[in-house]
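Okay, input.csv now, which holds CSV, C-alpha atoms:
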```csv
chain,number,residue,atom,x,y,z
A,33,MET,CA,8.5,-21.1,30.0
A,34,ILE,CA,5.6,-19.6,28.2
A,35,ALA,CA,6.6,-17.0,25.6
A,36,THR,CA,4.8,-13.7,26.3
A,37,LYS,CA,6.0,-11.8,23.3
A,38,ASN,CA,3.9,-12.0,20.3
A,39,ASP,CA,3.1,-10.0,17.2
A,40,PHE,CA,0.4,-8.0,18.9
A,41,ASP,CA,2.8,-6.6,21.4
A,42,ARG,CA,4.4,-4.5,18.8
A,43,PRO,CA,3.1,-1.0,18.5
A,44,THR,CA,1.3,0.0,15.4
A,45,ARG,CA,2.2,3.6,15.7
A,46,ARG,CA,5.1,3.3,13.2
A,47,PHE,CA,2.8,1.5,10.8
A,48,THR,CA,0.1,4.2,11.0
A,49,GLY,CA,2.7,7.0,10.6
A,50,GLY,CA,4.3,5.2,7.6
A,51,TYR,CA,0.9,4.5,6.0
A,52,LEU,CA,-0.3,8.1,6.3
A,53,LEU,CA,3.1,9.3,4.9
A,54,GLY,CA,2.6,6.9,2.0
A,55,LEU,CA,-0.9,8.1,1.4
A,56,GLY,CA,0.1,11.7,1.7
A,57,GLY,CA,3.0,11.1,-0.7
A,58,LEU,CA,0.6,9.5,-3.2
A,59,GLY,CA,-1.7,12.5,-3.0
A,60,LEU,CA,1.1,15.0,-3.4
A,61,ALA,CA,2.7,13.1,-6.3
A,62,SER,CA,-0.7,12.8,-8.1
A,63,ALA,CA,-1.4,16.5,-7.6
A,64,ALA,CA,2.0,17.5,-8.8
A,65,PHE,CA,1.6,15.1,-11.8
A,66,VAL,CA,-1.8,16.6,-12.8
A,67,ALA,CA,-0.4,20.2,-12.3
A,68,ALA,CA,2.7,19.4,-14.3
A,69,CYS,CA,0.7,17.8,-17.2
A,70,SER,CA,-1.7,20.8,-17.3
A,71,TYR,CA,1.2,23.2,-17.4
A,72,LEU,CA,3.1,21.3,-20.0
A,73,LYS,CA,0.0,21.0,-22.1
A,74,ARG,CA,-0.4,24.8,-22.1
A,75,GLN,CA,3.2,25.2,-23.0
A,76,HIS,CA,2.9,22.7,-25.8
A,77,ALA,CA,5.9,20.8,-24.4
A,78,ASP,CA,7.7,18.1,-26.3
A,79,THR,CA,6.5,14.5,-26.0
A,80,ILE,CA,9.8,13.5,-24.4
A,81,VAL,CA,9.2,15.9,-21.6
A,82,LEU,CA,5.7,14.5,-21.0
A,83,VAL,CA,7.1,11.0,-21.1
A,84,GLY,CA,9.8,12.0,-18.6
A,85,VAL,CA,7.1,13.4,-16.2
A,86,ALA,CA,5.0,10.3,-16.6
A,87,ALA,CA,8.1,8.1,-15.9
A,88,ALA,CA,8.9,10.2,-12.8
A,89,TYR,CA,5.3,9.8,-11.5
A,90,GLY,CA,5.4,6.1,-12.2
A,91,LEU,CA,8.6,5.7,-10.2
A,92,VAL,CA,7.1,7.6,-7.3
A,93,ILE,CA,4.1,5.3,-7.4
A,94,LEU,CA,6.3,2.3,-7.5
A,95,ALA,CA,8.4,3.5,-4.5
A,96,LEU,CA,5.2,4.3,-2.5
A,97,THR,CA,3.7,0.9,-3.3
A,98,THR,CA,6.9,-0.8,-2.1
A,99,TYR,CA,7.0,1.3,1.0
A,100,CYS,CA,3.4,0.8,2.0
A,101,SER,CA,3.7,-2.9,1.3
A,102,ARG,CA,6.6,-3.0,3.9
A,103,MET,CA,4.4,-1.1,6.3
A,104,VAL,CA,1.6,-3.7,5.9
A,105,ARG,CA,4.1,-6.5,6.4
A,106,ARG,CA,5.3,-4.9,9.7
A,107,ALA,CA,1.8,-4.7,10.9
A,108,GLY,CA,1.3,-8.4,10.1
A,109,ARG,CA,3.4,-11.4,10.7
A,110,LEU,CA,7.1,-11.5,11.4
A,111,ASN,CA,7.8,-14.4,9.1
A,112,PRO,CA,5.7,-14.3,6.0
A,113,SER,CA,4.7,-17.7,4.6
A,114,ALA,CA,6.0,-19.0,1.3
A,115,ALA,CA,2.7,-18.1,-0.3
A,116,ALA,CA,2.9,-14.5,1.0
A,117,LYS,CA,6.4,-14.1,-0.4
A,118,ARG,CA,5.3,-15.4,-3.8
A,119,TYR,CA,2.3,-13.0,-3.7
A,120,ARG,CA,4.5,-10.0,-3.0
A,121,MET,CA,6.9,-10.9,-5.7
A,122,ARG,CA,4.1,-11.4,-8.3
A,123,PHE,CA,2.5,-8.2,-7.2
A,124,MET,CA,5.7,-6.1,-7.4
A,125,VAL,CA,6.5,-7.6,-10.9
A,126,ALA,CA,3.0,-6.8,-12.1
A,127,ILE,CA,3.2,-3.2,-10.8
A,128,THR,CA,6.7,-2.7,-12.4
A,129,VAL,CA,5.3,-4.1,-15.7
A,130,TYR,CA,2.4,-1.7,-15.3
A,131,VAL,CA,4.6,1.3,-15.0
A,132,VAL,CA,6.7,0.3,-18.0
A,133,ALA,CA,3.5,-0.5,-20.1
A,134,LEU,CA,1.9,2.8,-19.1
A,135,ILE,CA,4.9,4.9,-20.1
A,136,GLY,CA,5.3,2.9,-23.3
A,137,SER,CA,1.7,3.2,-24.3
A,138,LEU,CA,1.4,6.9,-23.5
A,139,SER,CA,4.5,7.8,-25.3
A,140,ALA,CA,3.5,5.7,-28.4
A,141,VAL,CA,0.0,7.2,-28.6
A,142,ILE,CA,1.3,10.8,-28.1
A,143,GLN,CA,4.4,10.4,-30.3
A,144,TYR,CA,2.7,8.8,-33.3
A,145,HIS,CA,-0.9,10.2,-32.8
A,146,LEU,CA,-2.3,6.7,-33.0
A,147,ILE,CA,-6.0,6.2,-33.4
A,148,GLY,CA,-8.4,3.3,-34.1
A,149,LEU,CA,-7.8,-0.3,-33.0
A,150,VAL,CA,-4.1,0.3,-32.3
A,151,ALA,CA,-5.0,3.1,-29.8
A,152,TYR,CA,-7.5,0.8,-28.2
A,153,VAL,CA,-4.9,-2.0,-27.8
A,154,LEU,CA,-2.3,0.4,-26.4
A,155,ALA,CA,-4.9,1.9,-24.0
A,156,ILE,CA,-5.8,-1.5,-22.6
A,157,THR,CA,-2.1,-2.6,-22.3
A,158,PRO,CA,-1.4,-0.9,-19.0
A,159,ALA,CA,-4.6,-2.4,-17.5
A,160,LEU,CA,-3.4,-6.0,-18.2
A,161,PRO,CA,-0.6,-6.1,-15.6
A,162,LEU,CA,-3.0,-4.6,-13.1
A,163,LEU,CA,-5.4,-7.4,-13.9
A,164,ALA,CA,-2.5,-9.8,-13.2
A,165,ALA,CA,-2.0,-8.0,-9.8
A,166,ILE,CA,-5.6,-8.5,-8.9
A,167,ALA,CA,-5.4,-12.2,-10.0
A,168,SER,CA,-2.3,-12.6,-7.8
A,169,MET,CA,-4.3,-11.7,-4.8
A,170,GLY,CA,-6.8,-14.4,-5.6
A,171,VAL,CA,-4.0,-16.9,-6.2
A,172,TYR,CA,-2.5,-15.9,-2.8
A,173,LEU,CA,-5.8,-16.6,-1.0
A,174,HIS,CA,-5.8,-20.0,-2.7
A,175,GLU,CA,-2.2,-20.8,-1.9
A,176,GLU,CA,-2.0,-19.6,1.7
A,177,THR,CA,-1.8,-22.6,4.0
A,178,ASP,CA,-2.2,-20.5,7.3
A,179,GLU,CA,-6.0,-20.4,7.7
A,180,PHE,CA,-5.9,-17.5,10.2
A,181,GLU,CA,-3.7,-15.4,7.9
A,182,ARG,CA,-6.1,-16.2,5.0
A,183,ALA,CA,-9.1,-15.2,7.0
A,184,MET,CA,-7.4,-11.9,7.9
A,185,GLN,CA,-6.5,-11.1,4.3
A,186,ALA,CA,-10.0,-12.0,3.1
A,187,GLU,CA,-11.5,-9.7,5.8
A,188,ALA,CA,-9.1,-6.9,4.9
A,189,ALA,CA,-10.2,-7.2,1.3
A,190,LEU,CA,-13.9,-7.0,2.4
A,191,TRP,CA,-13.1,-3.9,4.4
A,192,ALA,CA,-11.2,-2.4,1.5
A,193,SER,CA,-14.1,-3.2,-0.9
A,194,GLY,CA,-16.6,-1.6,1.5
A,195,GLY,CA,-14.4,1.5,1.9
A,196,LEU,CA,-14.0,1.8,-1.9
A,197,LEU,CA,-17.7,1.6,-2.5
A,198,ALA,CA,-18.3,4.2,0.2
A,199,VAL,CA,-15.6,6.6,-1.3
A,200,GLU,CA,-16.9,6.1,-4.8
A,201,THR,CA,-20.5,6.6,-3.8
A,202,VAL,CA,-19.9,9.8,-1.9
A,203,TRP,CA,-17.5,11.1,-4.5
A,204,GLY,CA,-20.0,10.3,-7.3
A,205,PHE,CA,-22.8,12.4,-5.7
A,206,LEU,CA,-20.4,15.2,-5.0
A,207,GLU,CA,-19.4,15.0,-8.6
A,208,LEU,CA,-23.0,14.9,-9.8
A,209,PHE,CA,-23.6,18.2,-8.0
A,210,GLY,CA,-20.5,19.7,-9.5
A,211,LEU,CA,-18.6,20.1,-6.2
A,212,VAL,CA,-15.6,18.0,-7.0
A,213,PRO,CA,-13.6,17.2,-10.1
A,214,HIS,CA,-14.1,13.9,-12.0
A,215,ILE,CA,-12.0,11.0,-11.0
A,216,GLN,CA,-11.1,8.4,-13.6
A,217,THR,CA,-12.3,4.9,-12.7
A,218,TRP,CA,-8.8,3.3,-12.9
A,219,TRP,CA,-8.2,5.0,-9.5
A,220,ALA,CA,-10.5,2.4,-8.0
A,221,PHE,CA,-7.7,-0.2,-7.9
A,222,ALA,CA,-5.2,2.1,-6.3
A,223,ILE,CA,-7.7,3.3,-3.7
A,224,TRP,CA,-8.7,-0.3,-2.9
A,225,CYS,CA,-5.0,-1.3,-2.4
A,226,PHE,CA,-4.4,1.6,0.0
A,227,LEU,CA,-7.6,0.6,1.9
A,228,LEU,CA,-6.2,-2.9,2.4
A,229,ALA,CA,-3.8,-1.8,5.1
A,230,PRO,CA,-6.4,-0.2,7.4
A,231,GLY,CA,-8.7,-3.1,6.5
A,232,ARG,CA,-6.1,-5.5,7.8
A,233,LEU,CA,-5.8,-3.5,11.1
A,234,LEU,CA,-9.6,-3.6,11.4
A,235,ALA,CA,-9.6,-7.3,10.8
A,236,LEU,CA,-6.9,-7.9,13.4
A,237,ARG,CA,-8.5,-5.7,16.1
A,238,ARG,CA,-10.5,-8.6,17.5
A,239,TYR,CA,-7.4,-10.6,18.1
A,240,ARG,CA,-5.4,-8.1,20.0
B,2,MET,CA,-14.0,-22.0,22.8
B,3,LYS,CA,-11.5,-22.6,25.6
B,4,ASN,CA,-8.4,-24.5,25.0
B,5,ARG,CA,-5.2,-25.8,26.8
B,6,LEU,CA,-2.8,-24.8,24.1
B,7,LYS,CA,-0.8,-22.5,26.3
B,8,VAL,CA,-0.4,-25.1,29.0
B,9,LEU,CA,0.5,-27.9,26.6
B,10,ARG,CA,3.0,-25.6,24.9
B,11,ALA,CA,4.6,-24.6,28.3
B,12,GLU,CA,4.8,-28.3,29.3
B,13,ARG,CA,7.0,-28.9,26.2
B,14,ASP,CA,8.9,-25.6,26.8
B,15,TRP,CA,7.9,-24.4,23.3
B,16,SER,CA,7.6,-20.7,22.4
B,17,GLN,CA,4.8,-19.5,20.3
B,18,ALA,CA,7.2,-19.4,17.4
B,19,ASP,CA,8.1,-23.1,18.0
B,20,LEU,CA,4.5,-24.1,18.0
B,21,ALA,CA,3.8,-22.0,14.9
B,22,GLU,CA,6.6,-23.6,13.1
B,23,ARG,CA,5.4,-27.1,14.0
B,24,LEU,CA,1.9,-26.3,12.8
B,25,ASP,CA,3.1,-24.4,9.7
B,26,VAL,CA,1.2,-21.3,10.7
B,27,SER,CA,2.1,-17.8,11.8
B,28,ARG,CA,2.9,-16.8,15.4
B,29,GLN,CA,-0.1,-14.5,15.1
B,30,SER,CA,-2.3,-17.5,14.5
B,31,VAL,CA,-0.9,-19.3,17.5
B,32,ASN,CA,-1.6,-16.3,19.7
B,33,ALA,CA,-5.2,-16.0,18.4
B,34,LEU,CA,-5.7,-19.7,19.0
B,35,GLU,CA,-4.2,-19.6,22.5
B,36,THR,CA,-6.3,-16.7,23.6
B,37,GLY,CA,-9.5,-18.4,22.4
B,38,LYS,CA,-10.3,-15.6,20.1
B,39,TYR,CA,-9.9,-17.7,16.9
B,40,ASP,CA,-11.5,-21.1,16.6
B,41,PRO,CA,-9.5,-23.4,14.4
B,42,SER,CA,-11.0,-25.3,11.5
B,43,LEU,CA,-11.4,-29.1,11.9
B,44,PRO,CA,-8.3,-29.9,9.9
B,45,LEU,CA,-6.2,-27.6,12.0
B,46,ALA,CA,-7.7,-28.9,15.2
B,47,PHE,CA,-6.8,-32.4,14.2
B,48,LYS,CA,-3.3,-31.3,13.3
B,49,ILE,CA,-2.9,-29.7,16.8
B,50,ALA,CA,-4.3,-32.8,18.5
B,51,LYS,CA,-1.9,-35.0,16.5
B,52,LEU,CA,1.0,-32.8,17.4
B,53,PHE,CA,0.3,-33.1,21.2
B,54,GLY,CA,-0.8,-36.8,20.9
B,55,LEU,CA,-4.2,-36.0,22.4
B,56,ALA,CA,-7.8,-36.1,21.3
B,57,ILE,CA,-9.3,-32.8,20.1
B,58,GLU,CA,-11.7,-32.7,23.1
B,59,GLN,CA,-8.8,-33.0,25.5
B,60,ILE,CA,-7.4,-29.7,24.1
B,61,PHE,CA,-10.5,-27.7,23.1
B,62,GLN,CA,-13.6,-27.3,25.3
B,63,GLU,CA,-16.8,-25.4,24.9
B,64,ASP,CA,-17.1,-22.2,26.8
```

Can the structure from this file be put into structure tokens for me?
Amino acid sequence: MIATKNDFDRPTRRFTGGYLLGLGGLGLASAAFVAACSYLKRQHADTIVLVGVAAAYGLVILALTTYCSRMVRRAGRLNPSAAAKRYRMRFMVAITVYVVALIGSLSAVIQYHLIGLVAYVLAITPALPLLAAIASMGVYLHEETDEFERAMQAEAALWASGGLLAVETVWGFLELFGLVPHIQTWWAFAIWCFLLAPGRLLALRRYR
Amino acid sequence: MKNRLKVLRAERDWSQADLAERLDVSRQSVNALETGKYDPSLPLAFKIAKLFGLAIEQIFQED
């Protein structure tokens, strides 16, 4: 008997809802974080309070990353390959290290008013685990033995890259005309990661 | 490209998941192959042919 059920039979409504929830959660958490930092700065709050707020924000980002990763998995294959499992593990470890490094670096720079070379080293420290996360994506594409899955992931990355360029270009000109606030460039990676999920859906649309 | 994957699979009473496991690919991949929406690479085509004990051209044909 020919199996009629396949991955494409499953509705993507739950994925879309979950993804938008994750995206909205990130936006709200970021807005709350910026507002809290601004308020605490005006109040000349203690460093420990600032570190606590940064830690809470980091945990929210970690939870959202985990959640959205699950949503992407649900929209994809039922049984992830060994390479995909290794990739997720490496990515989550990198993000966890990033959160810890960010909180540690921020608190050290604020607490001890560090300047010079040490400040440069501490500023770059949180970026290193994110570089590892980016590298883990490349390693995954190399390790994935399922060529269709690899092609879908590569196309999703291309969609995400195009989306990121579009967002950055439009935002850049809006910023040039003083219509929107400045966005720091480290946001590029987070935006790209969030664009991966719709990129995957766009890549898969031809095969439904 | 047309192919006889669905028929060959049915003859052996395999589900998409069974075939996917034998080819070491995802079920999504099998579905995309069966529907003719994704053309396999030459190595995968040879793997499929070997699994069914047929020549590649006995499984895959031009549109």

Taking only C-alpha atoms into account, which of B:Ala46, B:Ile57, B:Leu34, B:Leu52 comes nearest Arg13 (chain B)?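 Result for the nearest residue to Arg13 (chain B): B:Leu52.
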
Atom-to-atom span, CA of Ser16 (chain B) and CA of Ala183 (chain A), Å: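 Those two atoms sit 23.4 Å apart.
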
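For Thr157 (chain A), the list of residues within 10 Å, based on all atoms listed in the file and with local chain neighbours fewer than 2 positions off taken out, reads Tyr130, Ala133, Leu134, Gly136, Ser137, Ala151, Tyr152, Val153, Leu154, Ala155, Ala159, Leu160, Pro161 and Leu162 of chain A.
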
Quick one: which residues from chain B are at most 12 Å off chain A, using all atoms listed in the file, as a PyMOL selection string? chain B and resi 6-22+24-46

Could the residues in this selection be written to a file with C-alpha atoms, as a short mmCIF file (atom, residue, chain, number, x, y, z; two decimals), in the coordinates of the input?
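Generated file (out.cif):
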```
data_model
loop_
_atom_site.label_atom_id
_atom_site.label_comp_id
_atom_site.auth_asym_id
_atom_site.auth_seq_id
_atom_site.Cartn_x
_atom_site.Cartn_y
_atom_site.Cartn_z
CA LEU B 6 -2.80 -24.80 24.10
CA LYS B 7 -0.80 -22.50 26.30
CA VAL B 8 -0.40 -25.10 29.00
CA LEU B 9 0.50 -27.90 26.60
CA ARG B 10 3.00 -25.60 24.90
CA ALA B 11 4.60 -24.60 28.30
CA GLU B 12 4.80 -28.30 29.30
CA ARG B 13 7.00 -28.90 26.20
CA ASP B 14 8.90 -25.60 26.80
CA TRP B 15 7.90 -24.40 23.30
CA SER B 16 7.60 -20.70 22.40
CA GLN B 17 4.80 -19.50 20.30
CA ALA B 18 7.20 -19.40 17.40
CA ASP B 19 8.10 -23.10 18.00
CA LEU B 20 4.50 -24.10 18.00
CA ALA B 21 3.80 -22.00 14.90
CA GLU B 22 6.60 -23.60 13.10
CA LEU B 24 1.90 -26.30 12.80
CA ASP B 25 3.10 -24.40 9.70
CA VAL B 26 1.20 -21.30 10.70
CA SER B 27 2.10 -17.80 11.80
CA ARG B 28 2.90 -16.80 15.40
CA GLN B 29 -0.10 -14.50 15.10
CA SER B 30 -2.30 -17.50 14.50
CA VAL B 31 -0.90 -19.30 17.50
CA ASN B 32 -1.60 -16.30 19.70
CA ALA B 33 -5.20 -16.00 18.40
CA LEU B 34 -5.70 -19.70 19.00
CA GLU B 35 -4.20 -19.60 22.50
CA THR B 36 -6.30 -16.70 23.60
CA GLY B 37 -9.50 -18.40 22.40
CA LYS B 38 -10.30 -15.60 20.10
CA TYR B 39 -9.90 -17.70 16.90
CA ASP B 40 -11.50 -21.10 16.60
CA PRO B 41 -9.50 -23.40 14.40
CA SER B 42 -11.00 -25.30 11.50
CA LEU B 43 -11.40 -29.10 11.90
CA PRO B 44 -8.30 -29.90 9.90
CA LEU B 45 -6.20 -27.60 12.00
CA ALA B 46 -7.70 -28.90 15.20
#
```

Find the nearest atom pair between each residue of region 144-222 of chain A and region 78-101 of chain A for residues within 12 Å, count all atoms listed in the file, give distances in Å to one decimal, sort rows by chain and ascending number, and present the table as a tab-separated table.
```
residue	atom	partner	partner_atom	distance
A:Tyr144	CA	A:Thr79	CA	10.0
A:His145	CA	A:Thr79	CA	10.9
A:Pro158	CA	A:Gly90	CA	11.9
A:Ala222	CA	A:Thr97	CA	9.5
```

Please compute the CA of Ser193 (chain A)-CA of Trp224 (chain A) distance, one decimal, in Å. 6.4 Å

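Of note, CA of Tyr119 (chain A) and CA of Arg232 (chain A) are spaced 16.1 Å apart.
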
Neighbourhood query: residues within 12 Å of (-8.3, -11.8, -4.2), file coordinates, counting all atoms listed in the file; return as a PyMOL selection string. chain A and resi 119+123+163-176+182-183+185-190+192-193+224-225+228
